[in-house]
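Before any comments, here is the structure.
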Amino acid sequence: MGAGIAAALIKKHGCNVIGIARSEPKIKKFIEDLGPSYAEQFTYKLFDVSKRENWQNFADELAENGTKIDVLINNAGILPKFKRVDRYDIEEIENVMNINFYSAVYSVKALMPFLLESASGAVINIDSSAALMSLAGTSSYSASKAALKAFTEAMREEYRGKLYVGLVCPGFTKTDIMRNQSAESEKGQKLIDMISTDCDLMVKMIMFGIEHKQALQVHGMDAHAMNIFGKLLPVNGSRLFSAVMKAADIDIFSEIFK
């Protein structure tokens with residue numbers, strides 16, 4: 001999704017984009033796909049977004065170079081294996097919180113002075129449907145996403161009239177976020193694909209929301225379902241989803257209920 005959003009900002013809106021990533025091969029592949037006519041509008045920095053000092057060093061470099069920042073989009077995220085709470089190591093939980101939540105906190109803290117100087121300053125945090133309702137097996141992931149939602153909602157009110165602050169809660173999307181799961185069976189993959197939104201379509205919906213400065217975006221069939229059940233049936237909704245997950249009987253859920 002990050003690549004799709006960056007490409008849309010460059011090609012449709014003529015933005016200059018600075019990409020932040022850890023994998024240089026993926027960045028270079030993005031530049032290749034972008035094409036030579038747009039390549040000059042994209043630069044990148046390689047660092048671990050979950051480290052506070054990396055964001056401060058980046059901000060210092062921007063200030064030294066006189067670079068202006070108008071929009072910050074936080075898209076980093078990992079989905080650990082679906083597991084029961086006692087089967088997570090503390091290190092796994094800390095890693096999820098650091099990447100999914102603290103990376104956004106660090107980026108906002110470091111770059112806010114730049115954003116407040118802009119006439120069109122904006123912060124858009126790409127969250128998850130897990131922030132709307134927690135599912136069994138996603139305790140650390142859902143906690144990180146719920147924290148990001150609360151952080152963004154408070155910031156939206158604090159900077160009302162000064163910045164556009166947007167929260168995006170997409171459901172399952174056809175990306176590589178499932179890379180940390182165990183090798184799925186054909187049955188499991190079909191189930192995930194059935195409820196997942198095409199990545200290009202997701203990017204289009206997100207960009208439409210950003211263009212119209214929507215405060216909250218919920219995208220995907222599964223995300224809308226979780227949003228409704230999370231509000232109307234905050235206890236029994238999760239129980240219903242657990243029953244569906246059990247009935248599916250696929251390997252990626254094996255460490256939750258057995």
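The chains in the structure tokens are called A, B, ... from first to last as shown; in each chain the residues are counted from 1, and the ligands are counted from 1 in the order shown.
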Sorted by chain and rising residue number, which residues of segment 134-237 of chain A lie within 7 Å of segment 118-130 of chain A, and what are their closest atom pairs and distances in Å to one decimal, counting only C-alpha atoms, as JSON lines?
{"residue": "A:Ser134", "atom": "CA", "partner": "A:Ala130", "partner_atom": "CA", "distance": 5.4}
{"residue": "A:Ser142", "atom": "CA", "partner": "A:Ala130", "partner_atom": "CA", "distance": 5.0}
{"residue": "A:Lys145", "atom": "CA", "partner": "A:Asp127", "partner_atom": "CA", "distance": 6.0}
{"residue": "A:Leu148", "atom": "CA", "partner": "A:Asp127", "partner_atom": "CA", "distance": 6.8}
{"residue": "A:Lys149", "atom": "CA", "partner": "A:Asp127", "partner_atom": "CA", "distance": 6.9}
{"residue": "A:Leu163", "atom": "CA", "partner": "A:Gly121", "partner_atom": "CA", "distance": 5.2}
{"residue": "A:Tyr164", "atom": "CA", "partner": "A:Ala122", "partner_atom": "CA", "distance": 4.5}
{"residue": "A:Val165", "atom": "CA", "partner": "A:Val123", "partner_atom": "CA", "distance": 4.8}
{"residue": "A:Gly166", "atom": "CA", "partner": "A:Ile124", "partner_atom": "CA", "distance": 4.5}
{"residue": "A:Leu167", "atom": "CA", "partner": "A:Asn125", "partner_atom": "CA", "distance": 5.2}
{"residue": "A:Val168", "atom": "CA", "partner": "A:Ile126", "partner_atom": "CA", "distance": 4.8}
{"residue": "A:Cys169", "atom": "CA", "partner": "A:Ser128", "partner_atom": "CA", "distance": 4.2}
{"residue": "A:Pro170", "atom": "CA", "partner": "A:Ser128", "partner_atom": "CA", "distance": 5.1}
{"residue": "A:Gly171", "atom": "CA", "partner": "A:Ser129", "partner_atom": "CA", "distance": 5.1}
{"residue": "A:Ala223", "atom": "CA", "partner": "A:Ser129", "partner_atom": "CA", "distance": 4.9}
{"residue": "A:Met226", "atom": "CA", "partner": "A:Ser129", "partner_atom": "CA", "distance": 6.8}
Grab the residues selected above and save them as a PDB file, in the first residue's frame with N, CA, C and O atoms.
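As a result, part_20.pdb now contains:
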ATOM      1  N   SER A 134     -11.141  -6.252  18.292  1.00  0.00           N
ATOM      2  CA  SER A 134     -10.045  -7.214  18.459  1.00  0.00           C
ATOM      3  C   SER A 134     -10.527  -8.631  18.181  1.00  0.00           C
ATOM      4  O   SER A 134     -11.642  -9.005  18.540  1.00  0.00           O
ATOM      5  N   SER A 142      -3.671  -6.113  17.684  1.00  0.00           N
ATOM      6  CA  SER A 142      -4.837  -5.278  17.947  1.00  0.00           C
ATOM      7  C   SER A 142      -4.515  -4.178  18.955  1.00  0.00           C
ATOM      8  O   SER A 142      -4.999  -3.043  18.826  1.00  0.00           O
ATOM      9  N   LYS A 145      -2.658  -1.419  17.179  1.00  0.00           N
ATOM     10  CA  LYS A 145      -3.517  -0.664  16.273  1.00  0.00           C
ATOM     11  C   LYS A 145      -4.546   0.169  17.029  1.00  0.00           C
ATOM     12  O   LYS A 145      -4.905   1.273  16.605  1.00  0.00           O
ATOM     13  N   LEU A 148      -2.708   3.225  18.161  1.00  0.00           N
ATOM     14  CA  LEU A 148      -2.526   4.185  17.071  1.00  0.00           C
ATOM     15  C   LEU A 148      -3.825   4.938  16.786  1.00  0.00           C
ATOM     16  O   LEU A 148      -3.806   6.138  16.506  1.00  0.00           O
ATOM     17  N   LYS A 149      -4.945   4.247  16.856  1.00  0.00           N
ATOM     18  CA  LYS A 149      -6.249   4.896  16.648  1.00  0.00           C
ATOM     19  C   LYS A 149      -6.483   5.972  17.703  1.00  0.00           C
ATOM     20  O   LYS A 149      -6.861   7.105  17.373  1.00  0.00           O
ATOM     21  N   LEU A 163      -3.919  21.360  11.204  1.00  0.00           N
ATOM     22  CA  LEU A 163      -3.459  20.256  10.355  1.00  0.00           C
ATOM     23  C   LEU A 163      -4.641  19.390   9.973  1.00  0.00           C
ATOM     24  O   LEU A 163      -5.624  19.290  10.715  1.00  0.00           O
ATOM     25  N   TYR A 164      -4.547  18.741   8.824  1.00  0.00           N
ATOM     26  CA  TYR A 164      -5.480  17.672   8.504  1.00  0.00           C
ATOM     27  C   TYR A 164      -4.901  16.388   9.093  1.00  0.00           C
ATOM     28  O   TYR A 164      -3.787  15.985   8.756  1.00  0.00           O
ATOM     29  N   VAL A 165      -5.636  15.753   9.992  1.00  0.00           N
ATOM     30  CA  VAL A 165      -5.200  14.493  10.593  1.00  0.00           C
ATOM     31  C   VAL A 165      -6.188  13.408  10.187  1.00  0.00           C
ATOM     32  O   VAL A 165      -7.385  13.489  10.505  1.00  0.00           O
ATOM     33  N   GLY A 166      -5.706  12.414   9.464  1.00  0.00           N
ATOM     34  CA  GLY A 166      -6.571  11.352   8.964  1.00  0.00           C
ATOM     35  C   GLY A 166      -6.210   9.992   9.523  1.00  0.00           C
ATOM     36  O   GLY A 166      -5.031   9.679   9.735  1.00  0.00           O
ATOM     37  N   LEU A 167      -7.231   9.184   9.773  1.00  0.00           N
ATOM     38  CA  LEU A 167      -7.058   7.812  10.263  1.00  0.00           C
ATOM     39  C   LEU A 167      -7.669   6.864   9.249  1.00  0.00           C
ATOM     40  O   LEU A 167      -8.830   7.018   8.868  1.00  0.00           O
ATOM     41  N   VAL A 168      -6.889   5.883   8.804  1.00  0.00           N
ATOM     42  CA  VAL A 168      -7.344   4.921   7.800  1.00  0.00           C
ATOM     43  C   VAL A 168      -7.333   3.526   8.419  1.00  0.00           C
ATOM     44  O   VAL A 168      -6.295   3.079   8.923  1.00  0.00           O
ATOM     45  N   CYS A 169      -8.478   2.851   8.380  1.00  0.00           N
ATOM     46  CA  CYS A 169      -8.604   1.507   8.953  1.00  0.00           C
ATOM     47  C   CYS A 169      -8.982   0.510   7.852  1.00  0.00           C
ATOM     48  O   CYS A 169     -10.174   0.200   7.671  1.00  0.00           O
ATOM     49  N   PRO A 170      -8.010   0.000   7.121  1.00  0.00           N
ATOM     50  CA  PRO A 170      -8.310  -0.974   6.075  1.00  0.00           C
ATOM     51  C   PRO A 170      -8.424  -2.383   6.650  1.00  0.00           C
ATOM     52  O   PRO A 170      -7.819  -2.704   7.671  1.00  0.00           O
ATOM     53  N   GLY A 171      -9.209  -3.202   5.981  1.00  0.00           N
ATOM     54  CA  GLY A 171      -9.282  -4.610   6.349  1.00  0.00           C
ATOM     55  C   GLY A 171      -8.167  -5.379   5.664  1.00  0.00           C
ATOM     56  O   GLY A 171      -7.187  -4.791   5.187  1.00  0.00           O
ATOM     57  N   ALA A 223     -13.518  -5.070   7.218  1.00  0.00           N
ATOM     58  CA  ALA A 223     -13.359  -3.903   8.090  1.00  0.00           C
ATOM     59  C   ALA A 223     -14.706  -3.308   8.462  1.00  0.00           C
ATOM     60  O   ALA A 223     -14.947  -2.933   9.618  1.00  0.00           O
ATOM     61  N   MET A 226     -16.330  -5.578  11.034  1.00  0.00           N
ATOM     62  CA  MET A 226     -15.723  -5.423  12.352  1.00  0.00           C
ATOM     63  C   MET A 226     -16.114  -4.094  12.987  1.00  0.00           C
ATOM     64  O   MET A 226     -16.300  -4.002  14.202  1.00  0.00           O
TER      65      MET A 226
END
As a compact mmCIF listing (two decimals) with N, CA, C and O atoms, in the first residue's frame, please: all residues of segment 156-247 of chain A that backbone DSSP puts in alpha helix (DSSP H).
# COMPACT_ATOMS: atom_id res chain seq x y z
N ARG A 156 -6.08 14.58 16.26
CA ARG A 156 -7.01 15.22 15.32
C ARG A 156 -7.70 16.42 15.97
O ARG A 156 -7.88 17.47 15.34
N GLU A 157 -8.09 16.27 17.23
CA GLU A 157 -8.75 17.37 17.93
C GLU A 157 -7.77 18.44 18.38
O GLU A 157 -8.07 19.63 18.35
N GLU A 158 -6.59 18.00 18.78
CA GLU A 158 -5.58 18.95 19.25
C GLU A 158 -5.10 19.89 18.15
O GLU A 158 -4.76 21.05 18.41
N GLU A 186 -4.07 -24.55 1.10
CA GLU A 186 -4.84 -23.98 0.01
C GLU A 186 -6.19 -23.46 0.52
O GLU A 186 -6.66 -22.41 0.11
N LYS A 187 -6.77 -24.20 1.47
CA LYS A 187 -8.04 -23.79 2.07
C LYS A 187 -7.90 -22.46 2.81
O LYS A 187 -8.75 -21.57 2.68
N GLY A 188 -6.81 -22.33 3.57
CA GLY A 188 -6.58 -21.10 4.32
C GLY A 188 -6.34 -19.91 3.40
O GLY A 188 -6.86 -18.82 3.65
N GLN A 189 -5.57 -20.13 2.34
CA GLN A 189 -5.28 -19.04 1.41
C GLN A 189 -6.54 -18.57 0.71
O GLN A 189 -6.76 -17.37 0.50
N LYS A 190 -7.41 -19.51 0.36
CA LYS A 190 -8.67 -19.15 -0.29
C LYS A 190 -9.54 -18.31 0.63
O LYS A 190 -10.19 -17.36 0.18
N LEU A 191 -9.55 -18.66 1.92
CA LEU A 191 -10.35 -17.91 2.88
C LEU A 191 -9.84 -16.48 3.01
O LEU A 191 -10.62 -15.52 2.99
N ILE A 192 -8.52 -16.33 3.14
CA ILE A 192 -7.92 -15.00 3.26
C ILE A 192 -8.18 -14.18 2.00
O ILE A 192 -8.53 -12.99 2.07
N ASP A 193 -8.01 -14.80 0.84
CA ASP A 193 -8.23 -14.10 -0.43
C ASP A 193 -9.69 -13.67 -0.57
O ASP A 193 -9.99 -12.62 -1.14
N MET A 194 -10.58 -14.49 -0.04
CA MET A 194 -12.02 -14.21 -0.17
C MET A 194 -12.40 -12.91 0.54
O MET A 194 -13.26 -12.17 0.06
N ILE A 195 -11.77 -12.64 1.66
CA ILE A 195 -12.14 -11.45 2.44
C ILE A 195 -11.18 -10.28 2.21
O ILE A 195 -11.37 -9.20 2.77
N CYS A 199 -5.16 -4.73 -3.67
CA CYS A 199 -4.31 -3.64 -3.17
C CYS A 199 -4.50 -2.35 -3.98
O CYS A 199 -4.56 -1.26 -3.41
N ASP A 200 -4.59 -2.46 -5.30
CA ASP A 200 -4.77 -1.25 -6.12
C ASP A 200 -6.09 -0.56 -5.80
O ASP A 200 -6.15 0.68 -5.74
N LEU A 201 -7.14 -1.35 -5.58
CA LEU A 201 -8.44 -0.77 -5.21
C LEU A 201 -8.36 -0.11 -3.85
O LEU A 201 -8.90 0.99 -3.65
N MET A 202 -7.66 -0.75 -2.91
CA MET A 202 -7.51 -0.17 -1.57
C MET A 202 -6.79 1.17 -1.65
O MET A 202 -7.19 2.15 -1.00
N VAL A 203 -5.73 1.23 -2.45
CA VAL A 203 -4.98 2.48 -2.60
C VAL A 203 -5.88 3.58 -3.17
O VAL A 203 -5.85 4.73 -2.71
N LYS A 204 -6.69 3.24 -4.16
CA LYS A 204 -7.60 4.23 -4.76
C LYS A 204 -8.58 4.77 -3.73
O LYS A 204 -8.84 5.98 -3.68
N MET A 205 -9.12 3.88 -2.90
CA MET A 205 -10.08 4.33 -1.88
C MET A 205 -9.40 5.21 -0.84
O MET A 205 -9.95 6.22 -0.39
N ILE A 206 -8.19 4.83 -0.44
CA ILE A 206 -7.44 5.62 0.54
C ILE A 206 -7.11 7.00 -0.02
O ILE A 206 -7.28 8.01 0.66
N MET A 207 -6.66 7.03 -1.26
CA MET A 207 -6.30 8.31 -1.88
C MET A 207 -7.52 9.22 -2.03
O MET A 207 -7.42 10.43 -1.82
N PHE A 208 -8.65 8.64 -2.34
CA PHE A 208 -9.90 9.43 -2.44
C PHE A 208 -10.19 10.07 -1.08
O PHE A 208 -10.55 11.25 -1.00
N GLY A 209 -10.04 9.29 -0.02
CA GLY A 209 -10.28 9.80 1.32
C GLY A 209 -9.31 10.90 1.70
O GLY A 209 -9.70 11.90 2.32
N ILE A 210 -8.05 10.74 1.34
CA ILE A 210 -7.04 11.76 1.64
C ILE A 210 -7.34 13.04 0.85
O ILE A 210 -7.27 14.15 1.39
N GLU A 211 -7.66 12.87 -0.42
CA GLU A 211 -7.95 14.03 -1.27
C GLU A 211 -9.12 14.84 -0.72
O GLU A 211 -9.16 16.08 -0.87
N MET A 221 -14.69 -5.17 3.06
CA MET A 221 -15.87 -5.85 3.59
C MET A 221 -15.67 -6.28 5.03
O MET A 221 -16.54 -6.09 5.89
N ASP A 222 -14.51 -6.87 5.33
CA ASP A 222 -14.24 -7.34 6.68
C ASP A 222 -14.11 -6.18 7.66
O ASP A 222 -14.56 -6.25 8.81
N ALA A 223 -13.52 -5.07 7.22
CA ALA A 223 -13.36 -3.90 8.09
C ALA A 223 -14.71 -3.31 8.46
O ALA A 223 -14.95 -2.93 9.62
N HIS A 224 -15.61 -3.22 7.50
CA HIS A 224 -16.94 -2.68 7.78
C HIS A 224 -17.69 -3.59 8.76
O HIS A 224 -18.39 -3.11 9.66
N ALA A 225 -17.53 -4.90 8.58
CA ALA A 225 -18.19 -5.84 9.49
C ALA A 225 -17.64 -5.69 10.91
O ALA A 225 -18.41 -5.65 11.89
N MET A 226 -16.33 -5.58 11.03
CA MET A 226 -15.72 -5.42 12.35
C MET A 226 -16.11 -4.09 12.99
O MET A 226 -16.30 -4.00 14.20
N ASN A 227 -16.26 -3.05 12.17
CA ASN A 227 -16.67 -1.74 12.68
C ASN A 227 -18.08 -1.81 13.27
O ASN A 227 -18.34 -1.30 14.36
N ILE A 228 -18.97 -2.49 12.56
CA ILE A 228 -20.36 -2.59 13.01
C ILE A 228 -20.47 -3.47 14.26
O ILE A 228 -21.07 -3.08 15.27
N PHE A 229 -19.85 -4.67 14.20
CA PHE A 229 -19.93 -5.58 15.34
C PHE A 229 -19.22 -5.00 16.56
O PHE A 229 -19.65 -5.21 17.70
N GLY A 230 -18.11 -4.30 16.32
CA GLY A 230 -17.37 -3.72 17.42
C GLY A 230 -18.17 -2.68 18.18
O GLY A 230 -17.99 -2.50 19.39
N LYS A 231 -19.07 -1.98 17.48
CA LYS A 231 -19.90 -0.96 18.12
C LYS A 231 -21.17 -1.55 18.73
O LYS A 231 -21.55 -1.21 19.85
N LEU A 232 -21.83 -2.43 17.96
CA LEU A 232 -23.13 -2.94 18.40
C LEU A 232 -23.03 -4.13 19.34
O LEU A 232 -23.85 -4.29 20.25
N ASN A 236 -20.06 -10.05 22.20
CA ASN A 236 -20.53 -11.19 21.40
C ASN A 236 -20.06 -11.12 19.95
O ASN A 236 -20.02 -12.14 19.27
N GLY A 237 -19.71 -9.93 19.49
CA GLY A 237 -19.17 -9.82 18.14
C GLY A 237 -17.86 -10.58 18.01
O GLY A 237 -17.65 -11.35 17.07
N SER A 238 -16.97 -10.37 18.97
CA SER A 238 -15.69 -11.10 18.97
C SER A 238 -15.92 -12.60 19.11
O SER A 238 -15.21 -13.41 18.50
N ARG A 239 -16.91 -12.96 19.91
CA ARG A 239 -17.22 -14.37 20.10
C ARG A 239 -17.71 -15.00 18.78
O ARG A 239 -17.36 -16.13 18.45
N LEU A 240 -18.51 -14.25 18.04
CA LEU A 240 -19.00 -14.73 16.75
C LEU A 240 -17.86 -14.93 15.77
O LEU A 240 -17.79 -15.95 15.08
N PHE A 241 -16.94 -13.95 15.70
CA PHE A 241 -15.80 -14.07 14.80
C PHE A 241 -14.92 -15.25 15.21
O PHE A 241 -14.37 -15.95 14.36
N SER A 242 -14.78 -15.50 16.51
CA SER A 242 -14.00 -16.64 16.98
C SER A 242 -14.63 -17.95 16.52
O SER A 242 -13.92 -18.89 16.13
N ALA A 243 -15.96 -18.01 16.57
CA ALA A 243 -16.66 -19.22 16.13
C ALA A 243 -16.41 -19.47 14.64
O ALA A 243 -16.21 -20.62 14.22
N VAL A 244 -16.39 -18.40 13.86
CA VAL A 244 -16.11 -18.53 12.42
C VAL A 244 -14.68 -19.01 12.19
O VAL A 244 -14.42 -19.88 11.36
N MET A 245 -13.74 -18.46 12.97
CA MET A 245 -12.34 -18.85 12.83
C MET A 245 -12.14 -20.32 13.21
O MET A 245 -11.38 -21.05 12.55
N LYS A 246 -12.82 -20.76 14.26
CA LYS A 246 -12.74 -22.17 14.66
C LYS A 246 -13.32 -23.08 13.58
O LYS A 246 -12.74 -24.11 13.23
N ALA A 247 -14.47 -22.68 13.05
CA ALA A 247 -15.14 -23.49 12.03
C ALA A 247 -14.32 -23.59 10.75
O ALA A 247 -14.38 -24.59 10.04
Inset, instruction - Work out how far atom CA of Tyr102 of chain A is from atom CA of Asp89 of chain A, in Å to one decimal. - result: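 The value is 18.6 Å.
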Which residues are near Ile18 of chain A? Cut-off 9 Å, only C-alpha atoms, ignore same chain within fewer than 2 positions. Put them as an mmCIF file with N, CA, C and O atoms, in the first residue's frame.
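Everything below was put into part-v1.cif:
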data_model
loop_
_atom_site.group_PDB
_atom_site.id
_atom_site.type_symbol
_atom_site.label_atom_id
_atom_site.label_comp_id
_atom_site.auth_asym_id
_atom_site.auth_seq_id
_atom_site.Cartn_x
_atom_site.Cartn_y
_atom_site.Cartn_z
ATOM 1 N N ALA A 6 2.478 6.224 -2.566
ATOM 2 C CA ALA A 6 3.586 7.075 -3.021
ATOM 3 C C ALA A 6 3.486 7.331 -4.524
ATOM 4 O O ALA A 6 3.661 8.468 -4.980
ATOM 5 N N ASN A 16 6.614 15.630 -4.535
ATOM 6 C CA ASN A 16 7.931 15.055 -4.307
ATOM 7 C C ASN A 16 7.832 14.215 -3.043
ATOM 8 O O ASN A 16 7.393 14.708 -2.001
ATOM 9 N N ILE A 20 10.597 6.085 3.249
ATOM 10 C CA ILE A 20 11.398 5.542 4.341
ATOM 11 C C ILE A 20 11.197 4.030 4.358
ATOM 12 O O ILE A 20 10.066 3.548 4.398
ATOM 13 N N GLN A 41 11.178 12.678 -8.809
ATOM 14 C CA GLN A 41 10.277 13.141 -7.753
ATOM 15 C C GLN A 41 10.326 12.259 -6.510
ATOM 16 O O GLN A 41 9.611 12.512 -5.536
ATOM 17 N N PHE A 42 11.172 11.228 -6.549
ATOM 18 C CA PHE A 42 11.234 10.301 -5.416
ATOM 19 C C PHE A 42 12.660 10.157 -4.908
ATOM 20 O O PHE A 42 13.594 9.905 -5.662
ATOM 21 N N THR A 43 12.830 10.355 -3.608
ATOM 22 C CA THR A 43 14.095 10.055 -2.947
ATOM 23 C C THR A 43 13.770 9.158 -1.761
ATOM 24 O O THR A 43 12.608 8.989 -1.392
ATOM 25 N N TYR A 44 14.787 8.594 -1.157
ATOM 26 C CA TYR A 44 14.505 7.684 -0.047
ATOM 27 C C TYR A 44 15.623 7.690 0.985
ATOM 28 O O TYR A 44 16.765 8.078 0.708
ATOM 29 N N LYS A 45 15.238 7.255 2.191
ATOM 30 C CA LYS A 45 16.177 7.047 3.279
ATOM 31 C C LYS A 45 15.961 5.644 3.818
ATOM 32 O O LYS A 45 14.826 5.183 3.934
#
Legend entry - Shell around Lys11 of chain A at 12 Å using only C-alpha atoms, local window under 4 positions removed, as a list of chain:residue names: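 Non-adjacent residues within range: A:Gly4, A:Ile5, A:Ala6, A:Ala7, A:Cys15, A:Asn16, A:Val17, A:Leu34, A:Gly35, A:Pro36, A:Ser37, A:Tyr38, A:Ala39, A:Glu40, A:Gln41, A:Phe42.
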Residues just named, written with all heavy atoms as an mmCIF file, in the first residue's frame:
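Ended up saving to result_4.cif:
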data_model
loop_
_atom_site.group_PDB
_atom_site.id
_atom_site.type_symbol
_atom_site.label_atom_id
_atom_site.label_comp_id
_atom_site.auth_asym_id
_atom_site.auth_seq_id
_atom_site.Cartn_x
_atom_site.Cartn_y
_atom_site.Cartn_z
ATOM 1 N N GLY A 4 1.922 2.050 -3.467
ATOM 2 C CA GLY A 4 0.801 2.544 -4.258
ATOM 3 C C GLY A 4 0.441 3.976 -3.917
ATOM 4 O O GLY A 4 0.161 4.788 -4.812
ATOM 5 N N ILE A 5 0.444 4.295 -2.633
ATOM 6 C CA ILE A 5 0.136 5.663 -2.200
ATOM 7 C C ILE A 5 1.216 6.625 -2.685
ATOM 8 O O ILE A 5 0.919 7.723 -3.183
ATOM 9 C CB ILE A 5 -0.004 5.722 -0.667
ATOM 10 C CG1 ILE A 5 -1.261 4.963 -0.226
ATOM 11 C CG2 ILE A 5 -0.070 7.179 -0.180
ATOM 12 C CD1 ILE A 5 -1.365 4.745 1.272
ATOM 13 N N ALA A 6 2.478 6.224 -2.566
ATOM 14 C CA ALA A 6 3.586 7.075 -3.021
ATOM 15 C C ALA A 6 3.486 7.331 -4.524
ATOM 16 O O ALA A 6 3.661 8.468 -4.980
ATOM 17 C CB ALA A 6 4.918 6.411 -2.682
ATOM 18 N N ALA A 7 3.179 6.289 -5.295
ATOM 19 C CA ALA A 7 3.057 6.435 -6.748
ATOM 20 C C ALA A 7 1.913 7.372 -7.108
ATOM 21 O O ALA A 7 2.029 8.201 -8.030
ATOM 22 C CB ALA A 7 2.854 5.068 -7.392
ATOM 23 N N CYS A 15 3.558 15.397 -6.458
ATOM 24 C CA CYS A 15 4.310 15.578 -5.211
ATOM 25 C C CYS A 15 5.739 15.056 -5.331
ATOM 26 O O CYS A 15 6.032 14.149 -6.114
ATOM 27 C CB CYS A 15 3.620 14.830 -4.067
ATOM 28 S SG CYS A 15 1.965 15.419 -3.679
ATOM 29 N N ASN A 16 6.614 15.630 -4.535
ATOM 30 C CA ASN A 16 7.931 15.055 -4.307
ATOM 31 C C ASN A 16 7.832 14.215 -3.043
ATOM 32 O O ASN A 16 7.393 14.708 -2.001
ATOM 33 C CB ASN A 16 8.987 16.151 -4.129
ATOM 34 C CG ASN A 16 9.216 16.932 -5.407
ATOM 35 O OD1 ASN A 16 9.312 16.355 -6.480
ATOM 36 N ND2 ASN A 16 9.282 18.247 -5.303
ATOM 37 N N VAL A 17 8.212 12.960 -3.127
ATOM 38 C CA VAL A 17 8.022 12.016 -2.033
ATOM 39 C C VAL A 17 9.368 11.517 -1.518
ATOM 40 O O VAL A 17 10.253 11.173 -2.303
ATOM 41 C CB VAL A 17 7.163 10.815 -2.494
ATOM 42 C CG1 VAL A 17 7.088 9.753 -1.394
ATOM 43 C CG2 VAL A 17 5.759 11.278 -2.875
ATOM 44 N N LEU A 34 8.273 2.914 -11.159
ATOM 45 C CA LEU A 34 7.807 4.294 -11.275
ATOM 46 C C LEU A 34 8.117 4.861 -12.659
ATOM 47 O O LEU A 34 7.316 5.609 -13.225
ATOM 48 C CB LEU A 34 8.476 5.138 -10.187
ATOM 49 C CG LEU A 34 7.851 6.465 -9.782
ATOM 50 C CD1 LEU A 34 6.413 6.263 -9.312
ATOM 51 C CD2 LEU A 34 8.687 7.096 -8.678
ATOM 52 N N GLY A 35 9.269 4.484 -13.201
ATOM 53 C CA GLY A 35 9.654 4.939 -14.528
ATOM 54 C C GLY A 35 10.531 6.174 -14.480
ATOM 55 O O GLY A 35 10.447 6.978 -13.539
ATOM 56 N N PRO A 36 11.374 6.348 -15.487
ATOM 57 C CA PRO A 36 12.347 7.458 -15.489
ATOM 58 C C PRO A 36 11.721 8.839 -15.473
ATOM 59 O O PRO A 36 12.315 9.788 -14.955
ATOM 60 C CB PRO A 36 13.140 7.224 -16.787
ATOM 61 C CG PRO A 36 12.251 6.358 -17.638
ATOM 62 C CD PRO A 36 11.490 5.503 -16.677
ATOM 63 N N SER A 37 10.529 8.988 -16.023
ATOM 64 C CA SER A 37 9.913 10.318 -16.086
ATOM 65 C C SER A 37 9.442 10.814 -14.717
ATOM 66 O O SER A 37 9.212 12.015 -14.526
ATOM 67 C CB SER A 37 8.731 10.309 -17.063
ATOM 68 O OG SER A 37 7.764 9.354 -16.680
ATOM 69 N N TYR A 38 9.301 9.893 -13.756
ATOM 70 C CA TYR A 38 8.854 10.282 -12.422
ATOM 71 C C TYR A 38 9.933 10.079 -11.354
ATOM 72 O O TYR A 38 9.754 10.508 -10.215
ATOM 73 C CB TYR A 38 7.627 9.471 -12.005
ATOM 74 C CG TYR A 38 6.397 9.729 -12.842
ATOM 75 C CD1 TYR A 38 5.975 8.819 -13.795
ATOM 76 C CD2 TYR A 38 5.647 10.888 -12.659
ATOM 77 C CE1 TYR A 38 4.833 9.050 -14.561
ATOM 78 C CE2 TYR A 38 4.512 11.140 -13.417
ATOM 79 C CZ TYR A 38 4.113 10.214 -14.370
ATOM 80 O OH TYR A 38 2.991 10.455 -15.112
ATOM 81 N N ALA A 39 11.013 9.429 -11.709
ATOM 82 C CA ALA A 39 12.025 9.030 -10.728
ATOM 83 C C ALA A 39 12.613 10.213 -9.963
ATOM 84 O O ALA A 39 12.972 10.096 -8.790
ATOM 85 C CB ALA A 39 13.134 8.238 -11.403
ATOM 86 N N GLU A 40 12.713 11.374 -10.618
ATOM 87 C CA GLU A 40 13.311 12.537 -9.958
ATOM 88 C C GLU A 40 12.448 13.071 -8.826
ATOM 89 O O GLU A 40 12.923 13.834 -7.986
ATOM 90 C CB GLU A 40 13.566 13.640 -10.988
ATOM 91 C CG GLU A 40 14.699 13.328 -11.961
ATOM 92 C CD GLU A 40 15.027 14.505 -12.851
ATOM 93 O OE1 GLU A 40 14.353 15.564 -12.724
ATOM 94 O OE2 GLU A 40 15.943 14.388 -13.676
ATOM 95 N N GLN A 41 11.178 12.678 -8.809
ATOM 96 C CA GLN A 41 10.277 13.141 -7.753
ATOM 97 C C GLN A 41 10.326 12.259 -6.510
ATOM 98 O O GLN A 41 9.611 12.512 -5.536
ATOM 99 C CB GLN A 41 8.831 13.191 -8.269
ATOM 100 C CG GLN A 41 8.580 14.260 -9.319
ATOM 101 C CD GLN A 41 7.208 14.113 -9.952
ATOM 102 O OE1 GLN A 41 7.073 13.884 -11.150
ATOM 103 N NE2 GLN A 41 6.175 14.237 -9.142
ATOM 104 N N PHE A 42 11.172 11.228 -6.549
ATOM 105 C CA PHE A 42 11.234 10.301 -5.416
ATOM 106 C C PHE A 42 12.660 10.157 -4.908
ATOM 107 O O PHE A 42 13.594 9.905 -5.662
ATOM 108 C CB PHE A 42 10.715 8.921 -5.835
ATOM 109 C CG PHE A 42 10.711 7.916 -4.705
ATOM 110 C CD1 PHE A 42 9.730 7.944 -3.729
ATOM 111 C CD2 PHE A 42 11.713 6.949 -4.612
ATOM 112 C CE1 PHE A 42 9.723 7.025 -2.687
ATOM 113 C CE2 PHE A 42 11.720 6.028 -3.577
ATOM 114 C CZ PHE A 42 10.723 6.064 -2.610
#
Inset, instruction - Using DSSP on the backbone coordinates, identify all residues within segment 3-227 of chain A classified as strand (DSSP E or B); present the result as JSON, numbers by chain. - result: {"A": [17, 18, 19, 20, 21, 42, 43, 44, 45, 46, 71, 72, 73, 74, 122, 123, 124, 125, 126, 164, 165, 166, 167, 168, 169, 170, 173, 197, 216, 217, 218, 219]}
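Reported to one decimal place, the separation of atom CA of Asn74 of chain A from atom CA of Gln214 of chain A is 15.9 Å.
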